file input10.txt (compact mmCIF, C-alpha atoms)
# COMPACT_ATOMS: atom_id res chain seq x y z
CA MET A 482 -8.07 -2.50 2.81
CA THR A 483 -7.70 -5.93 1.32
CA THR A 484 -6.05 -9.25 1.94
CA GLY A 485 -5.06 -11.64 -0.79
CA LEU A 486 -2.91 -14.70 -1.19
CA ASP A 487 -1.99 -16.89 -4.16
CA LEU A 488 -1.40 -20.56 -3.33
CA GLN A 489 -0.25 -23.13 -5.85
CA GLY A 490 -0.57 -26.80 -5.09
CA PHE A 491 -2.55 -29.99 -5.01
CA ILE A 492 -6.17 -30.59 -4.01
CA TRP A 493 -6.20 -33.45 -1.49
CA SER A 494 -9.96 -33.51 -0.94
CA VAL A 495 -13.15 -31.52 -1.56
CA LYS A 496 -15.96 -32.17 0.92
CA PRO A 497 -19.08 -30.44 2.16
CA GLU A 498 -18.55 -28.68 5.49
CA MET A 499 -20.49 -30.35 8.29
CA LYS A 500 -21.75 -29.01 11.57
CA ASP A 501 -22.72 -32.00 13.69
CA THR A 502 -24.72 -34.00 11.11
CA ASP A 503 -25.87 -31.08 8.93
CA GLU A 504 -24.20 -29.59 5.87
CA THR A 505 -23.45 -25.89 6.29
CA GLY A 506 -23.64 -25.14 2.58
CA ARG A 507 -19.92 -24.47 2.32
CA VAL A 508 -17.19 -26.66 0.86
CA VAL A 509 -13.97 -27.60 2.68
CA VAL A 510 -10.86 -28.11 0.57
CA GLN A 511 -7.77 -29.90 1.88
CA PHE A 512 -4.99 -28.32 -0.12
CA ILE A 513 -1.22 -28.90 -0.14
CA ASN A 514 1.30 -26.27 -1.12
CA PHE A 515 4.93 -27.31 -1.52
CA GLY A 516 7.71 -25.26 0.01
CA TYR A 517 11.49 -25.40 -0.07
CA GLU A 518 12.95 -28.90 -0.59
CA GLU A 519 9.53 -30.41 -1.36
CA LYS A 520 8.18 -29.73 2.13
CA ALA A 521 4.43 -30.35 2.18
CA LEU A 522 2.40 -27.48 3.67
CA PRO A 523 -1.22 -28.62 4.11
CA PHE A 524 -3.98 -26.04 4.49
CA ILE A 525 -7.72 -26.22 5.10
CA LEU A 526 -9.52 -23.88 2.71
CA VAL A 527 -13.19 -22.96 2.59
CA VAL A 528 -15.41 -22.11 -0.37
CA SER A 529 -18.44 -20.12 0.70
CA LYS A 530 -21.82 -19.75 -1.02
CA ALA A 531 -20.76 -16.22 -2.02
CA ASN A 532 -17.95 -17.78 -4.05
CA ASN A 533 -20.16 -20.39 -5.75
CA GLU A 534 -19.22 -23.46 -3.73
CA LYS A 535 -21.24 -25.74 -6.01
CA TRP A 536 -19.30 -24.72 -9.12
CA PHE A 537 -16.05 -25.39 -7.27
CA ASP A 538 -17.30 -28.79 -6.05
CA ASP A 539 -18.34 -29.75 -9.59
CA ASN A 540 -15.16 -28.62 -11.34
CA PHE A 541 -12.23 -29.04 -8.95
CA LYS A 542 -11.69 -32.64 -8.02
CA ALA A 543 -9.27 -34.23 -5.56
CA GLY A 544 -5.98 -34.91 -7.28
CA SER A 545 -5.95 -31.70 -9.31
CA SER A 546 -2.97 -29.34 -9.53
CA VAL A 547 -4.11 -25.74 -9.47
CA GLU A 548 -3.32 -22.23 -8.29
CA LEU A 549 -5.99 -20.73 -6.05
CA LYS A 550 -6.69 -17.17 -4.98
CA ILE A 551 -7.28 -16.98 -1.25
CA GLN A 552 -8.76 -14.33 1.01
CA PRO A 553 -7.47 -14.78 4.57
CA THR A 554 -10.31 -13.66 6.83
CA TYR A 555 -10.84 -13.62 10.57
CA VAL A 556 -14.27 -14.78 11.64
CA SER A 557 -15.68 -14.50 15.11
CA VAL A 558 -16.98 -17.72 16.67
CA GLY A 559 -18.45 -18.63 20.01
CA ALA A 560 -19.99 -15.25 20.81
CA LYS A 561 -23.09 -15.61 22.98
CA LYS A 562 -26.02 -13.25 23.35
CA GLN A 563 -28.79 -13.16 25.90
CA LYS A 564 -32.29 -11.97 25.15
CA VAL A 565 -33.50 -9.11 27.32
CA ALA A 566 -36.99 -7.76 28.03
CA TYR A 567 -36.34 -4.50 26.20
CA GLY A 568 -33.67 -3.35 23.75
CA GLU A 569 -30.90 -5.15 21.89
CA ASP A 570 -29.68 -8.57 22.98
CA VAL A 571 -26.85 -8.41 25.50
CA LYS A 572 -23.58 -10.02 24.51
CA THR A 573 -22.55 -12.41 27.27
CA SER A 574 -19.46 -13.81 25.58
CA ASP A 575 -17.22 -12.28 22.92
CA GLY A 576 -16.04 -15.65 21.66
CA TYR A 577 -12.78 -15.64 19.74
CA ASP A 578 -11.46 -15.08 16.22
CA VAL A 579 -10.47 -17.89 13.87
CA LEU A 580 -8.51 -17.38 10.68
CA GLU A 581 -10.26 -18.84 7.64
CA LEU A 582 -8.65 -19.16 4.23
CA LEU A 583 -11.53 -18.46 1.85
CA VAL A 584 -11.13 -19.45 -1.78
CA SER A 585 -12.07 -16.44 -3.91
CA GLY A 586 -10.84 -17.59 -7.31
CA ALA A 587 -8.83 -20.15 -9.24
CA TYR A 588 -6.72 -20.49 -12.36
CA GLU A 589 -7.21 -23.34 -14.83
CA ILE A 590 -6.35 -26.84 -13.60
CA ILE A 591 -2.90 -27.91 -14.78
CA GLU A 592 -3.36 -31.11 -16.78
CA ASP A 593 -0.08 -31.10 -18.71
CA GLU A 594 2.02 -33.73 -16.88
CA GLU A 595 5.23 -32.05 -18.05
CA ASN A 596 4.31 -28.71 -16.49
CA GLU A 597 6.63 -27.96 -13.53
CA PHE A 598 3.58 -27.23 -11.37
CA PHE A 599 1.82 -30.50 -12.18
CA TYR A 600 1.98 -32.54 -8.96
CA ASP A 601 2.03 -36.33 -9.33
CA SER A 602 -0.36 -37.87 -6.77
CA LYS A 603 2.11 -40.67 -5.97
CA ARG A 604 4.85 -38.16 -5.11
CA VAL A 605 2.36 -36.06 -3.09
CA LYS A 606 1.45 -39.12 -1.01
CA GLU A 607 5.15 -39.74 -0.34
CA ALA A 608 5.59 -36.13 0.79
CA MET A 609 2.63 -36.48 3.15
CA LYS A 610 4.12 -39.67 4.60
CA GLU A 611 7.36 -37.76 5.24
CA ARG A 612 5.31 -35.08 6.96
CA LYS A 613 3.63 -37.74 9.14
CA VAL A 614 7.08 -38.93 10.25
CA LEU A 615 8.05 -35.32 11.03
CA LEU A 616 4.91 -34.84 13.16
CA GLU A 617 5.58 -38.12 15.02
CA GLN A 618 9.09 -36.83 15.76
CA ILE A 619 7.69 -33.53 17.09
CA GLU A 620 5.25 -35.48 19.27
CA ALA A 621 7.98 -37.78 20.59
CA ASP A 622 10.17 -34.77 21.41
CA GLY A 623 7.21 -33.07 23.07
CA LYS A 624 6.53 -36.07 25.31
CA LYS A 625 10.18 -36.06 26.38
CA GLY A 626 9.66 -32.48 27.49
CA LYS A 627 11.58 -30.77 24.75
CA LYS A 628 10.07 -27.31 24.37
CA PRO A 629 6.41 -28.22 25.01
CA ALA A 630 4.14 -25.61 23.49
CA VAL A 631 1.84 -24.99 26.42
CA LYS A 632 0.06 -21.69 26.58
CA ALA A 633 -1.07 -20.20 29.87
CA LYS A 634 -4.79 -19.73 30.24
CA VAL A 635 -6.72 -17.42 32.49
CA SER A 636 -8.86 -19.69 34.61
CA ALA A 637 -12.62 -19.36 34.49
CA GLN A 638 -12.57 -18.73 38.24
CA GLU A 639 -10.27 -15.74 37.83
CA ALA A 640 -12.50 -14.24 35.15
CA THR A 641 -15.74 -14.57 37.10
CA ASP A 642 -14.26 -13.23 40.36
CA ALA A 643 -14.24 -9.74 38.80
CA PHE A 644 -18.06 -9.69 39.08
CA ASP A 645 -18.77 -9.66 42.76
CA GLU A 646 -22.42 -10.51 43.39
CA ASP A 647 -22.37 -8.79 46.84
CA GLU A 648 -21.77 -5.40 45.26
CA THR A 649 -24.91 -5.44 43.10
CA PRO A 650 -27.91 -3.32 44.15
CA PHE A 651 -30.48 -6.12 43.89
CA MET B 861 7.81 -37.18 -19.47
CA MET B 862 5.85 -36.68 -16.27
CA ASN B 863 7.12 -34.08 -13.83
CA GLU B 864 8.00 -36.02 -10.66
CA LYS B 865 9.46 -33.08 -8.77
CA LEU B 866 7.32 -31.31 -6.19
CA THR B 867 8.27 -27.83 -7.35
CA GLN B 868 8.05 -25.04 -4.80
CA GLY B 869 4.68 -23.48 -5.60
CA THR B 870 3.49 -19.90 -5.49
CA ASN B 871 2.80 -18.79 -1.93
CA LYS B 872 2.62 -15.04 -1.72
CA GLY B 873 0.13 -12.45 -0.67
CA THR B 874 -0.48 -8.92 0.47
CA LEU B 875 -2.24 -7.33 3.40
CA ILE B 876 -3.24 -3.71 2.94
CA GLY B 877 -4.74 -1.97 5.93
CA ILE B 878 -4.49 0.68 8.59
CA LEU B 879 -1.59 0.38 11.00
CA ASN B 880 -3.66 -0.17 14.10
CA GLU B 881 -0.98 -0.84 16.68
CA LYS B 882 2.82 -0.66 16.66
CA LYS B 883 4.70 -2.21 19.54
CA LEU B 884 8.32 -2.22 18.47
CA GLU B 885 11.57 -1.72 20.35
CA LEU B 886 15.11 -1.02 19.21
CA ILE B 887 17.80 -2.93 21.10
CA ASP B 888 21.55 -3.53 20.89
CA SER B 889 22.12 -7.14 20.00
CA PHE B 890 24.27 -9.70 18.20
CA VAL B 891 23.65 -11.57 14.96
CA PRO B 892 22.98 -15.18 16.05
CA ASN B 893 25.42 -17.98 15.20
CA THR B 894 28.38 -15.68 14.46
CA SER B 895 31.92 -16.17 15.69
CA PRO B 896 33.42 -13.69 16.43
CA ARG B 897 30.08 -12.20 17.38
CA VAL B 898 28.73 -9.54 15.03
CA SER B 899 27.08 -6.71 16.96
CA CYS B 900 23.99 -5.10 15.46
CA LYS B 901 20.83 -3.17 16.15
CA THR B 902 17.62 -5.18 16.30
CA ILE B 903 14.06 -3.98 15.91
CA ARG B 904 11.61 -6.43 17.42
CA GLY B 905 7.98 -6.64 18.49
CA HIS B 906 4.75 -6.72 16.57
CA ILE B 907 2.31 -4.62 14.58
CA ILE B 908 -1.41 -5.06 14.05
CA VAL B 909 -2.84 -4.23 10.63
CA SER B 910 -6.61 -3.71 10.35
CA THR B 911 -8.17 -4.84 7.09
CA ASP B 912 -11.74 -5.42 5.93
CA ASN B 913 -11.11 -9.10 6.72
CA GLY B 914 -10.01 -8.60 10.30
CA ASP B 915 -7.00 -7.52 12.35
CA PHE B 916 -3.74 -9.30 11.52
CA ARG B 917 -0.92 -9.44 14.06
CA ILE B 918 2.49 -9.51 12.42
CA GLU B 919 5.62 -10.38 14.36
CA VAL B 920 8.67 -8.23 13.57
CA TYR B 921 12.29 -9.19 14.15
CA GLN B 922 14.97 -7.54 12.03
CA ASN B 923 18.75 -7.26 12.57
CA SER B 924 20.69 -4.35 11.04
CA LYS B 925 23.59 -6.62 9.96
CA THR B 926 23.91 -9.95 8.19
CA LYS B 927 26.10 -12.84 9.42
CA THR B 928 29.00 -11.46 7.37
CA GLY B 929 28.69 -8.07 9.09
CA VAL B 930 27.39 -6.08 6.12
CA ASP B 931 24.26 -3.93 6.29
CA ASN B 932 21.02 -5.90 5.98
CA LYS B 933 18.97 -4.44 3.12
CA MET B 934 15.68 -5.22 4.87
CA TYR B 935 16.61 -3.18 7.94
CA ALA B 936 16.03 0.25 6.34
CA ALA B 937 12.39 -0.57 5.60
CA VAL B 938 11.76 -1.85 9.13
CA GLU B 939 13.58 1.20 10.57
CA THR B 940 11.20 3.46 8.61
CA LEU B 941 8.28 1.51 10.06
CA TYR B 942 9.78 1.95 13.55
CA THR B 943 10.53 5.69 13.28
CA ASP B 944 8.07 7.20 10.82
CA TYR B 945 4.86 5.20 10.62
CA ILE B 946 1.92 6.38 12.71
CA SER B 947 -0.41 3.85 14.25
CA LYS B 948 -4.04 4.37 15.19
CA VAL B 949 -3.02 4.17 18.84
CA ASP B 950 -0.45 6.99 18.27
CA ALA B 951 -3.08 9.07 16.46
CA SER B 952 -5.57 8.64 19.28
CA LYS B 953 -3.10 10.37 21.62
CA ASN B 954 -2.37 13.29 19.27
CA SER B 955 -5.12 14.76 17.08
CA ALA B 956 -2.52 16.24 14.67
CA LEU B 957 -1.49 12.74 13.59
CA THR B 958 -3.22 10.39 11.15
CA ALA B 959 -2.74 6.65 11.14
CA ASP B 960 -0.84 5.30 8.12
CA VAL B 961 -2.07 2.75 5.62
CA ILE B 962 0.46 -0.03 5.29
CA SER B 963 1.06 -2.83 2.78
CA VAL B 964 2.65 -6.04 4.04
CA ARG B 965 3.91 -8.94 1.92
CA VAL B 966 2.95 -12.25 3.51
CA GLN B 967 3.04 -15.99 2.88
CA ALA B 968 1.15 -18.88 4.41
CA ASP B 969 2.96 -21.41 6.59
CA VAL B 970 2.06 -24.19 9.00
CA ASN B 971 3.09 -24.04 12.65
CA ASP B 972 3.73 -27.60 13.82
CA TYR B 973 4.01 -28.12 17.55
CA TYR B 974 3.05 -30.62 20.20
CA ASN B 975 0.48 -29.48 22.76
CA ASP B 976 1.45 -31.04 26.06
CA LYS B 977 -2.00 -30.49 27.59
CA ALA B 978 -4.10 -31.70 24.69
CA LYS B 979 -1.59 -34.51 24.00
CA LYS B 980 -1.80 -33.94 20.28
CA ASN B 981 -0.12 -32.09 17.40
call {"tool": "encode", "arguments": {"input": "input10.txt", "output": "structure tokens"}}
result
Amino acid sequence: MTTGLDLQGFIWSVKPEMKDTDETGRVVVQFINFGYEEKALPFILVVSKANNEKWFDDNFKAGSSVELKIQPTYVSVGAKKQKVAYGEDVKTSDGYDVLELLVSGAYEIIEDEENEFFYDSKRVKEAMKERKVLLEQIEADGKKGKKPAVKAKVSAQEATDAFDEDETPF
Amino acid sequence: MMNEKLTQGTNKGTLIGILNEKKLELIDSFVPNTSPRVSCKTIRGHIIVSTDNGDFRIEVYQNSKTKTGVDNKMYAAVETLYTDYISKVDASKNSALTADVISVRVQADVNDYYNDKAKKN
């Protein structure tokens, strides 16, 4: 029961993952795949300790063209547990799932400038500028009220009302 | 000579897992942007595939005809999914059934939108 994805593109940056001011021990890779008509598709990838993040950090530098093997994985975040006097901790919040794109492998870096999958950094920057313009357009349209993407949320009040304190036996 | 074209790069993957949930419906519909309108069958909804790396929700929307009115080759596969495949939810209601293992071809994409509440992209 596996998941796997091959992504070809350009490494924009390789940085240690931070939580507040501490390094988590993982590496975050900003990676750009190019779609139809040179459309830039930026992704945030993660290299975990299990996949030798140090080796990746040492060998794959920003500006490289490479094909990576990715393992899309849902990870649970924000779950909270409460310690109890006896027995297992009680889960007080399930949290939610976040999709992470974990780097599980990589082909050799493409250094031949004539290779069709060698991405020139100058052209990549241009494509990212075009993307910035596109995002500004989406934002401008959104502010004018064109199809705002607002999702309904269950209010905290509604969720807590289900637990009526008056009905407890203590 | 340096390649200055941003060639469309590989972007393909596979999910293999148990068909956990299947919420599909078959409706009578029209192929969009056709004049005169081309009527067709449409299967729409979603499935959830459980893998070792989590549960993936996959949206399904497939018309039986193309814009020119000929049969859409993809429809037969989605129709088989709709009629024959057994989900875990189906199997839980009937002990004679076993949930199917399914393979889904996928690709990564970015979903750009403006969030009116957060005031950001």
call {"tool": "atom_distance", "arguments": {"input": "input10.txt", "atom1": "atom CA of Ile918 of chain B", "atom2": "atom CA of Ser963 of chain B"}}
result
11.8 Å
call {"tool": "closest_residue", "arguments": {"input": "input10.txt", "among": "A:Glu597, A:Asp501, A:Glu617, A:Asp578", "to": "Asp972 of chain B", "atoms": "only C-alpha atoms"}}
result
A:Glu617
call {"tool": "closest_atom_pairs", "arguments": {"input": "input10.txt", "of": "chain B", "to": "chain A", "cutoff": "7 Å", "atoms": "only C-alpha atoms", "output": "CSV"}}
result
residue,atom,partner,partner_atom,distance
B:Met861,CA,A:Glu595,CA,5.9
B:Met862,CA,A:Glu594,CA,4.9
B:Asn863,CA,A:Glu595,CA,5.0
B:Glu864,CA,A:Asp601,CA,6.1
B:Leu866,CA,A:Glu519,CA,5.4
B:Thr867,CA,A:Phe598,CA,6.2
B:Gln868,CA,A:Gly516,CA,4.8
B:Gly869,CA,A:Gln489,CA,4.9
B:Thr870,CA,A:Gln489,CA,5.0
B:Asn871,CA,A:Leu488,CA,4.8
B:Lys872,CA,A:Asp487,CA,5.5
B:Gly873,CA,A:Leu486,CA,3.8
B:Thr874,CA,A:Gly485,CA,5.5
B:Leu875,CA,A:Thr484,CA,4.5
B:Ile876,CA,A:Met482,CA,5.0
B:Gly877,CA,A:Met482,CA,4.6
B:Thr911,CA,A:Met482,CA,4.9
B:Asp912,CA,A:Met482,CA,5.6
B:Asn913,CA,A:Thr554,CA,4.6
B:Gly914,CA,A:Tyr555,CA,5.1
B:Asp969,CA,A:Leu522,CA,6.8
B:Val970,CA,A:Leu522,CA,6.3
B:Tyr973,CA,A:Ala630,CA,6.4
B:Tyr974,CA,A:Glu620,CA,5.4
B:Asn975,CA,A:Ala630,CA,5.4
B:Asp976,CA,A:Pro629,CA,5.8
B:Lys977,CA,A:Val631,CA,6.8
B:Asn981,CA,A:Glu620,CA,6.6
call {"tool": "closest_residue", "arguments": {"input": "input10.txt", "among": "B:Asn954, B:Ile962, B:Ile908, B:Phe890", "to": "Thr940 of chain B", "atoms": "only C-alpha atoms"}}
result
B:Ile962
call {"tool": "atom_distance", "arguments": {"input": "input10.txt", "atom1": "atom CA of Lys882 of chain B", "atom2": "atom CA of Lys953 of chain B"}}
result
13.5 Å
call {"tool": "axis_aligned_box", "arguments": {"input": "input10.txt", "around": "segment 889-893 of chain B", "padding_each_side": "8 Å", "output": "AutoDock Vina command-line options"}}
result
--center_x 23.8 --center_y -12.6 --center_z 17.5 --size_x 19.3 --size_y 26.8 --size_z 21.0
call {"tool": "closest_residue", "arguments": {"input": "input10.txt", "among": "A:Thr573, A:Thr502, A:Ser585, A:Ser545", "to": "Leu526 of chain A", "atoms": "only C-alpha atoms"}}
result
A:Ser585
call {"tool": "residues_around", "arguments": {"input": "input10.txt", "residues": "Pro497 of chain A", "least_positions_apart": "6", "cutoff": "8 Å", "atoms": "only C-alpha atoms", "output": "PDB file with C-alpha atoms, keeping the file's coordinate frame"}}
result
ATOM      1  CA  GLU A 504     -24.200 -29.590   5.870  1.00  0.00           C
ATOM      2  CA  THR A 505     -23.450 -25.890   6.290  1.00  0.00           C
ATOM      3  CA  GLY A 506     -23.640 -25.140   2.580  1.00  0.00           C
ATOM      4  CA  ARG A 507     -19.920 -24.470   2.320  1.00  0.00           C
ATOM      5  CA  VAL A 508     -17.190 -26.660   0.860  1.00  0.00           C
ATOM      6  CA  VAL A 509     -13.970 -27.600   2.680  1.00  0.00           C
TER       7      VAL A 509
END
call {"tool": "closest_residue", "arguments": {"input": "input10.txt", "among": "B:Val961, B:Val909, B:Val891, B:Ala968", "to": "Asn932 of chain B", "atoms": "all atoms listed in the file"}}
result
B:Val891
call {"tool": "atom_distance", "arguments": {"input": "input10.txt", "atom1": "atom CA of Ile907 of chain B", "atom2": "atom CA of Gly929 of chain B"}}
result
27.2 Å
call {"tool": "decode", "arguments": {"input": "input10.txt", "residues": "segment 508-519 of chain A", "atoms": "C-alpha atoms", "output": "PDB file, in the first residue's frame"}}
result
ATOM      1  CA  VAL A 508      15.766  19.730   5.742  1.00  0.00           C
ATOM      2  CA  VAL A 509      13.212  21.813   3.816  1.00  0.00           C
ATOM      3  CA  VAL A 510      13.600  22.001   0.048  1.00  0.00           C
ATOM      4  CA  GLN A 511      11.856  24.642  -2.063  1.00  0.00           C
ATOM      5  CA  PHE A 512      11.445  22.908  -5.387  1.00  0.00           C
ATOM      6  CA  ILE A 513       9.924  24.057  -8.685  1.00  0.00           C
ATOM      7  CA  ASN A 514       8.412  21.710 -11.231  1.00  0.00           C
ATOM      8  CA  PHE A 515       7.441  23.116 -14.619  1.00  0.00           C
ATOM      9  CA  GLY A 516       4.094  22.290 -16.169  1.00  0.00           C
ATOM     10  CA  TYR A 517       2.424  23.014 -19.484  1.00  0.00           C
ATOM     11  CA  GLU A 518       3.581  26.253 -21.181  1.00  0.00           C
ATOM     12  CA  GLU A 519       6.420  26.767 -18.677  1.00  0.00           C
TER      13      GLU A 519
END
